[in-house]
Amino acid sequence: MGKVDDIVIVGVGAMGKGIAQVCLLAGYNVTLMDIEAKIIENAISYIEKGLNKLEKKGKLPEEMKSADILAKMKKTTNLIEAVQDADFVIEAIIEKLDAKRKVCSDIIDNSPDHCIFASNTSSIRITDIAEGCGKPENVIGMHFFNPAPLMRLIEIIAGEKSSKKAMNIGVEVGESLPCLRGDRYVPRVLKDNPGFIVNRVLAPGRIYSDYIYDLADEKGIPWEQVDADISDPAAPMSTLVLADFVGRDVSLHTAEYYRETLSSDFKPGKVLKRQVVEGKLGKKTGQGFYNWSKGRPEPDLSKKAGIVNQLVFKAIQANEGCRILEEGVCKSWKVIDEAILAGMNFPGPMKSATKNYRQMAELLEEYSEKLGKSYLKPVELLKSGKFIDME
Ligand SMILES: NC(=O)c1ccc[n+]([C@@H]2O[C@H](COP(=O)([O-])OP(=O)(O)OC[C@H]3O[C@@H](n4cnc5c(N)ncnc54)[C@H](O)[C@@H]3O)[C@@H](O)[C@H]2O)c1
């Protein structure tokens with residue numbers, strides 16, 4: 001296995017700065033590279049603050065001092081210079097294929113032969129990013145969750161040409177990165193596919209929630225009551241507050257992405273489209289489902305609308321879990337549950353499906369008819385319960 005000492009982070013915005021911080025904490029020499037000098041300075045001050053806080057709390061790895069860790073950090077706006085001696089590069093630049101492909105190709109051409117290029121893309125195929133570069137076998141996906149220092153999951157994704165060695169090094173580096181909330185979970189995504197594991201399994205739930213929003217809108221049911229129906233009482237933020245927080249435009253964009261890559265059944269609902277047209281994007285425009293002008297809304301969730309069947313959400317997730325097992329994205333239902341827990345902090349659907357799969361499959365037959373969405377029909381592995389053997 002190639003030894004990794006020098007890591008370069010390309011793009012140190014929201015994601016890159018957190019990734020750089022955990023790489024430093026793991027003891028690597030880390031170079032911060034961005035096209036914007038100001039963004040590098042912001043990232044450095046974020047990292048310094050984070051490390052100093054950990055030092056004060058006595059939470060730095062044994063014998064380590066914040067100043068020694070920071071001494072291993074370099075910065076540059078010059079990509080070619082940055083990667084000259086790199087063993088491993090993690091890219092977290094804007095989510096645009098052309099930009100990522102160019103950066104990938106420049107890095108592969110200007111770094112040592114053994115250097116691995118890992119993309120933190122959340123939606124672009126790794127195979128597409130690697131296309132045209134000199135060593136596609138050295139290119140993998142490394143999908144962190146936000147914020148990287150706190151979220152335990154890192155998905156390591158194989159493009160069509162990624163070598164086993166590159167995947168192994170990716171997993172090894174991922175597992176070496178400390179996480180402030182416990183042990184890292186670093187599963188291999190064996191097939192390049194939209195959403196990888198976690199986002200893919202959660203994706204089709206939006207087909208049902210869009211149906212609920214449109215139904216509530218038709219019936220004139222207040223959003224608070226829908227929120228009371230749809231939210232997990234244990235979650236730190238209710239579902240509709242979270243939707244506003246993320247941004248309705250982001251939701252529309254994601255729905256369109258899955259519509260193009262998975263099925264036309266992901267066509268966005270009427271409410272979602274209207275919210276975006278009217279600029280009711282949520283927190284960022286002051287109005288979404290809720291009004292944000294006085295800060296984060298605190299909806300009264302004491303009254304339910306009674307229009308949501310929570311088991312349908314779980315059944316849809318379990319079905320998508322079975323679908324990715326059928327596709328060979330991963331080999332075991334336990335990986336799906338572990339990944340969801342590590343990336344989202346809530347339990348995955350698969351364990352409960354091992355007991356309820358018949359009921360789930362019946363429910364999905366009923367709801368796929370009711371919603372007119374054939375994508376929600378139960379797949380063979382769920383109907384037969386055969387996924388249970390794939391531990
Ligand atoms: N934000 C999230 O929650 C999240 C989660 C997982 C993955 N991602 C993915 O991580 C990547 C970065 O997302 P972000 O939210 O940190 O974005 P961001 O806009 O905060 O940061 C992107 C940075 O890349 C820099 N950049 C742009 N082009 C560059 C280039 N050619 N070379 C070097 N630097 C360049 C920009 O100056 C900016 O600082 C995206 O691919 C995104 O899909 C984001």
# chains A, B, ... in the order shown; residues from 1 in each chain; ligands from 1
$ residues_around --residues "Pro268 of chain A" --least-positions-apart "5" --cutoff "7 Å" --atoms "only C-alpha atoms" --output "ChimeraX atom specification"
/A:252,255,273
$ residues_around --residues "Arg259 of chain A" --least-positions-apart "4" --cutoff "12 Å" --atoms "only C-alpha atoms" --output "ChimeraX atom specification"
/A:194,203-204,206-207,252-255,263-269,375
$ residues_near_ligand --ligand "ligand 1" --cutoff "6 Å" --atoms "only C-alpha atoms and all ligand atoms" --output "ChimeraX atom specification"
/A:10-16,34-36,39,92-95,99,120-122,144-146
$ residues_around --residues "Ser66 of chain A" --least-positions-apart "2" --cutoff "10 Å" --atoms "only C-alpha atoms" --output "short mmCIF file (atom, residue, chain, number, x, y, z; two decimals) with N, CA and C atoms, in the first residue's frame"
data_model
loop_
_atom_site.label_atom_id
_atom_site.label_comp_id
_atom_site.auth_asym_id
_atom_site.auth_seq_id
_atom_site.Cartn_x
_atom_site.Cartn_y
_atom_site.Cartn_z
N LEU A 24 -5.25 17.41 9.08
CA LEU A 24 -4.19 17.91 9.96
C LEU A 24 -4.21 17.15 11.29
N LEU A 25 -5.42 16.95 11.82
CA LEU A 25 -5.54 16.24 13.10
C LEU A 25 -5.00 14.81 13.00
N ILE A 47 -9.70 26.77 10.86
CA ILE A 47 -8.92 25.62 11.35
C ILE A 47 -8.21 25.99 12.67
N GLU A 48 -7.63 27.20 12.68
CA GLU A 48 -6.93 27.64 13.91
C GLU A 48 -7.88 27.68 15.09
N LYS A 49 -9.04 28.28 14.87
CA LYS A 49 -10.03 28.37 15.96
C LYS A 49 -10.41 26.98 16.44
N GLY A 50 -10.68 26.10 15.47
CA GLY A 50 -11.11 24.73 15.82
C GLY A 50 -10.04 24.01 16.63
N LEU A 51 -8.79 24.12 16.18
CA LEU A 51 -7.71 23.39 16.88
C LEU A 51 -7.45 23.98 18.26
N ASN A 52 -7.49 25.33 18.34
CA ASN A 52 -7.26 25.96 19.65
C ASN A 52 -8.35 25.55 20.65
N LYS A 53 -9.58 25.47 20.16
CA LYS A 53 -10.70 25.06 21.02
C LYS A 53 -10.47 23.63 21.54
N LEU A 54 -10.05 22.76 20.61
CA LEU A 54 -9.81 21.36 21.00
C LEU A 54 -8.68 21.28 22.03
N GLU A 55 -7.65 22.12 21.80
CA GLU A 55 -6.51 22.10 22.73
C GLU A 55 -6.96 22.52 24.13
N LYS A 56 -7.76 23.59 24.19
CA LYS A 56 -8.25 24.07 25.49
C LYS A 56 -9.05 23.00 26.21
N LEU A 60 -7.08 17.26 21.89
CA LEU A 60 -6.16 16.99 20.77
C LEU A 60 -5.56 15.60 20.95
N PRO A 61 -5.21 14.94 19.85
CA PRO A 61 -4.57 13.63 19.99
C PRO A 61 -3.35 13.75 20.92
N MET A 64 -0.04 16.12 21.27
CA MET A 64 -0.02 17.07 20.15
C MET A 64 -0.40 18.46 20.64
N ASP A 68 1.98 22.86 16.74
CA ASP A 68 2.73 21.86 15.96
C ASP A 68 1.90 21.36 14.78
N ILE A 69 0.61 21.19 15.04
CA ILE A 69 -0.27 20.72 13.95
C ILE A 69 -0.33 21.78 12.86
N LEU A 70 -0.49 23.04 13.29
CA LEU A 70 -0.60 24.13 12.31
C LEU A 70 0.69 24.32 11.51
N ALA A 71 1.81 23.93 12.10
CA ALA A 71 3.09 24.07 11.40
C ALA A 71 3.16 23.11 10.20
#
$ select_by_dssp --residues "segment 70-250 of chain A" --states "alpha helix (DSSP H)" --output "MDAnalysis selection string"
chainID A and resid 70 79:83 97:110 126:130 164:176 198:202 205:219 223:230 239:246 248:250
$ residues_around --residues "segment 381-383 of chain A" --least-positions-apart "4" --cutoff "7 Å" --atoms "only C-alpha atoms" --output "PDB file with C-alpha atoms, in the first residue's frame"
ATOM      1  CA  ASN A 319     -37.053  -0.635  -1.188  1.00  0.00           C
ATOM      2  CA  CYS A 322     -32.854  -3.370  -1.878  1.00  0.00           C
ATOM      3  CA  TYR A 357     -40.706  -6.587   4.497  1.00  0.00           C
ATOM      4  CA  ARG A 358     -43.994  -8.272   3.528  1.00  0.00           C
ATOM      5  CA  ALA A 361     -44.040  -4.567  -0.038  1.00  0.00           C
ATOM      6  CA  PHE A 387     -31.990  -9.281   1.001  1.00  0.00           C
TER       7      PHE A 387
END
$ residues_around --residues "segment 29-31 of chain A" --least-positions-apart "5" --cutoff "12 Å" --atoms "only C-alpha atoms" --output "PyMOL selection string"
chain A and resi 4-12+16-17+19-24+40+43-44+47+68-79+81-91
$ closest_residue --among "A:Val308, A:Leu281, A:Val276, A:Ala216" --to "Asp244 of chain A" --atoms "only C-alpha atoms"
A:Leu281
$ atom_distance --atom1 "atom CA of Arg184 of chain A" --atom2 "atom CA of Lys355 of chain A"
28.1 Å
